[in-house]
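Here is the structure we will look at, set down as structure tokens.
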Amino acid sequence: MGNIRLKLTAISPIHIGSGEIYEPTNFVIDEGVLYHFRDEDFYMALPDIRQKAFMRIINENRDDSFIQVHKFVKENKNIVKDIAIGIVAVTDGLQKDYDRLLGKVRQLEGRKQSTDRVFNKFEIQRVQRKQVKTSTNIFAHTGYIVGSALKGSISTAYQELMFKKNGKNFLKEKFQAKGRDISNNLFREFKVSDSIVKKVNTKIGFALNKERFDYDFSNPNANIKLSTFIEVIEAQSEFIVDINYGSLKIEEILKSCTSHYMPIFRSIFLGQVDGKKEYIYKYLASNFYDKYRHFELKPNQYLLRVGKHSGARAVTIDGIRDIKSKLSGGGKHRKPNKFEYREDETTTWLFGDKSNSNYELLPFGWVVAEIIDEEPPKYEAIDGLYALQVKKAKEREENRVAVEERERKAREERIKREAEEKAKLASMTPLQRLINNYSDVALLINDMKSGKIEDFESIKKELAQEVKKILQQNPKTWDRAKKKALDRKVYIEGLLKFK
């Protein structure tokens with residue numbers, strides 16, 4: 001059984017979806033950062049009076065409940081920041097859209113259908129994350145490359161090689177075998193681990209759909225087709241995966257990846273593909289274009305494309321592609337849809353900072369795989385903002401432990417004092433217990449004068465002796481006694497028959 005270890009380096013944004021979204025009522029975006037929270041955490045963190053106000057909004061169930069809930073959350077954003085379970089950077093354009101769209105929602109207050117539409121529009125596709133334990137013994141969720149996604153990417157490339165070598169029937173028999181024939185599937189013994197995260201950053205921006213073979217030079221805004229909010233793993237993120245390839249030829253498999261994906265990668269930098277004018281290059285970020293237009297791999301490196309928005313060419317086999325492309329139909333008048341089948345897609349998706357970006361965009365999913373022989377890191381990385389979350393979580397845990405420790409010590413001190421007080425009382429004479437019941441000796445003397453002390457006549461001389469000892473502890477109330485203090489001294493001396 002053969003094994004190999006690869007280092008994966010993202011050279012463009014990657015989105016491997018989890019099927020989950022960031023719900024607009026469960027996050028706030030402030031100063032370029034999205035703070036994702038759980039309802040129950042938010043509610044429990046609110047002071048009592050705000051909890052009641054929040055529940056009033058929920059229970060009213062008004063048409064503009066979305067507005068009221070989100071307005072309340074925004075007003076308490078500092079609480080959200082403290083209890084956030086996810087912290088992700090967003091582009092400047094997304095921050096502006098968020099502020100602008102919420103303003104629009106406030107203007108539509110009371111119009112349920114309109115407000116719902118705006119809020120639903122702000123659903124953000126999340127990347128797949130896994131839970132890892134950090135060096136600080138805190139658990140956090142970090143973006144990663146899923147093993148099944150990588151295996152699918154490699155499988156497509158290898159199938160193309162096998163098709164070109166052995167034909168379509170071989171492909172059907174050895175790669176598409178199912179049920180009882182699954183043992184014939186060549187890739188059944190090809191195992192790819194989920195990636196270990198070496199370095200990662202995530203960001204939320206826009207997935208923008210652009211025409212490949214059409215470009216309006218007179219009106220660049222007309223080139224903006226569709227846009228959605230999306231979270232990505234950023235370029236320069238690094239991962240490690242282990243592959244068990246069984247009896248298959250791993251070198252042949254890896255080379256097939258480059259032979260399948262490199263022509264697609266190079267085509268995005270060209271102004272003409274297969275005799276047709278192509279315009280992807282016009283949208284590309286200048287630093288990406290300059291860095292990769294003449295990109296060459298090292299001998300132990302291979303090119304892959306993974307995740308959503310990889311494009312139809314990347315996930316299909318050259319020579320038997322049959323990509324469905326819509327020509328017309330739908331729209332306001334619901335005309336019948338018309339399609340054609342092609343060897344390539346007519347549009348492409350690119351990642352951008354703004355919903356109306358036509359420049360400085362990046363393609364999705366490009367990864368360089370490199371054969372390595374090194375141990376993976378002991379602790380997996382999490383992205384920078386999630387690191388802040390971990391730091392906050394650690395601080396909250398340390399504060400909780402500190403509070404519990406203070407309470408424990410206070411409880412022990414109280415028990416100790418109570419035990420000492422009990423022992424002290426048990427060792428006292430009745431007269432000492434009488435004195436101990438007074439917090440101020442002046443009050444005791446007043447009660448002595450007024451006759452409030454039980455059996456006073458029989459204990460007055462002995463009581464006066466004890467009180468004198470107490471008064472002598474303070475020179476001002478005995479040696480230098482004045483006014484009331486002097487009266488008390490005279491009274492006590494009188495009881496003792498001093499002149």
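In the structure tokens, the first chain shown is A, the next is B, and so on; residue numbers restart at 1 for each chain, and ligands run from 1 in the order shown.
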
Practice task
Write down as a ChimeraX atom specification the residues of region 406-442 of chain A whose backbone DSSP state falls under helix (DSSP H, G or I).
Solution key: /A:406-427,430-436,441-442

How would the residues just chosen look if you wrote them out with C-alpha atoms as a compact mmCIF listing (two decimals), in the first residue's frame?
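So the final result, stored in out_12.txt, reads:
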```txt
# COMPACT_ATOMS: atom_id res chain seq x y z
CA ARG A 406 -11.95 34.11 44.80
CA GLU A 407 -15.35 32.76 45.79
CA ARG A 408 -13.76 29.54 47.07
CA LYS A 409 -11.23 31.43 49.18
CA ALA A 410 -13.92 33.78 50.51
CA ARG A 411 -16.08 30.78 51.41
CA GLU A 412 -13.16 29.09 53.19
CA GLU A 413 -12.32 32.31 55.06
CA ARG A 414 -15.95 32.70 56.13
CA ILE A 415 -16.11 29.10 57.39
CA LYS A 416 -12.81 29.60 59.20
CA ARG A 417 -14.01 32.84 60.82
CA GLU A 418 -17.28 31.25 61.85
CA ALA A 419 -15.42 28.30 63.39
CA GLU A 420 -13.03 30.62 65.22
CA GLU A 421 -15.92 32.76 66.43
CA LYS A 422 -17.75 29.68 67.65
CA ALA A 423 -14.64 28.43 69.47
CA LYS A 424 -14.03 31.87 70.94
CA LEU A 425 -17.58 32.11 72.24
CA ALA A 426 -17.36 28.62 73.72
CA SER A 427 -14.24 29.62 75.70
CA PRO A 430 -20.79 34.82 80.50
CA LEU A 431 -19.41 38.32 81.18
CA GLN A 432 -17.08 38.17 78.16
CA ARG A 433 -19.95 37.00 75.96
CA LEU A 434 -22.02 39.95 77.18
CA ILE A 435 -19.27 42.40 76.16
CA ASN A 436 -18.76 40.56 72.85
CA VAL A 441 -18.13 49.84 74.06
CA ALA A 442 -19.85 53.24 74.25
```

Exercise for the section: Compile the contact shell of Ser310 (chain A) as a list in words: residues with an atom at most 12 Å away, counting only C-alpha atoms, same-chain residues fewer than 6 positions apart removed. Expected result: Ser12, Pro13, Ile14, His15, Ile16, Ala149, Ser153, Ala207, Tyr261, Ile264, Phe265, Leu304, Thr316, Glu345, Thr347, Thr348, Trp349, Leu350, Phe351, Leu362, Pro363, Phe364, Gly365, Trp366 and Val367 of chain A

File dump, residues just selected, C-alpha atoms, as a JSON list (two decimals), in the first residue's frame:
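As written to disk, result_16.json reads:
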```json
[["chain", "number", "residue", "atom", "x", "y", "z"],
["A", 12, "SER", "CA", -6.47, 31.96, -5.20],
["A", 13, "PRO", "CA", -9.57, 32.05, -2.96],
["A", 14, "ILE", "CA", -11.21, 28.69, -2.23],
["A", 15, "HIS", "CA", -14.79, 27.99, -1.22],
["A", 16, "ILE", "CA", -15.61, 24.46, -0.10],
["A", 149, "ALA", "CA", -13.26, 17.52, -2.34],
["A", 153, "SER", "CA", -10.58, 16.97, -8.07],
["A", 207, "ALA", "CA", -18.75, 35.78, -6.00],
["A", 261, "TYR", "CA", -5.86, 21.75, -14.96],
["A", 264, "ILE", "CA", -7.60, 25.75, -17.99],
["A", 265, "PHE", "CA", -5.41, 27.86, -15.71],
["A", 304, "LEU", "CA", -5.31, 21.36, -8.86],
["A", 316, "THR", "CA", -15.55, 17.53, -16.78],
["A", 345, "GLU", "CA", -18.76, 27.21, -20.10],
["A", 347, "THR", "CA", -19.43, 32.43, -17.93],
["A", 348, "THR", "CA", -16.98, 32.34, -15.06],
["A", 349, "TRP", "CA", -17.17, 33.17, -11.37],
["A", 350, "LEU", "CA", -14.58, 35.47, -9.79],
["A", 351, "PHE", "CA", -14.04, 36.69, -6.23],
["A", 362, "LEU", "CA", -9.53, 36.58, -8.50],
["A", 363, "PRO", "CA", -10.48, 33.14, -9.85],
["A", 364, "PHE", "CA", -11.71, 30.47, -7.46],
["A", 365, "GLY", "CA", -10.10, 27.26, -6.31],
["A", 366, "TRP", "CA", -6.52, 27.12, -7.59],
["A", 367, "VAL", "CA", -4.11, 25.05, -5.49]]
```

Problem - Interatomic distance (Å, one decimal) between CA of Ile124 (chain A) and CA of Phe27 (chain A) - result: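 The value is 10.4 Å.
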
Problem - Contact residues around Ile145 (chain A) with only C-alpha atoms at 10 Å, ignoring same-chain residues under 5 positions, as a list in words - result: Leu8, Ala10, Ile14, His15, Ile16, Val127, Gln128, Arg129, Lys130, Leu150, Ser193, Asp194, Ser195, Ile196, Val197, Ile233, Glu238, Phe239, Ile240, Val241, Val306 and Gly307 of chain A

Exercise for the section: Please provide as a PyMOL selection string all residues within 9 Å of region 77-93 of chain A, with the sequence filter that same-chain residues fewer than 2 positions apart are discarded (counting only C-alpha atoms). Expected result: chain A and resi 27-38+41-42+45-46+72-75+95-98+140-141+201-206+231+352-356+383-389+392-393

Handout entry: Every residue of region 208-453 of chain A that DSSP places in strand (DSSP E), as a PyMOL selection string
Key = chain A and resi 208-211+226-233+238-246+272-273+276-277+301-305+323-330+335-342+347-352+362-363+366-372

Problem - Which residue of A:Lys225, A:Ser439, A:Thr25, A:Leu444 approaches Phe456 (chain A) most closely, using only C-alpha atoms - result: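 That would be A:Leu444, the residue with the smallest distance to Phe456 (chain A).
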
Problem - Interatomic distance (Å, one decimal) between CA of Ala285 (chain A) and CA of Leu361 (chain A) - result: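 Computing the Euclidean distance for CA of Ala285 (chain A) and CA of Leu361 (chain A) yields 5.0 Å.
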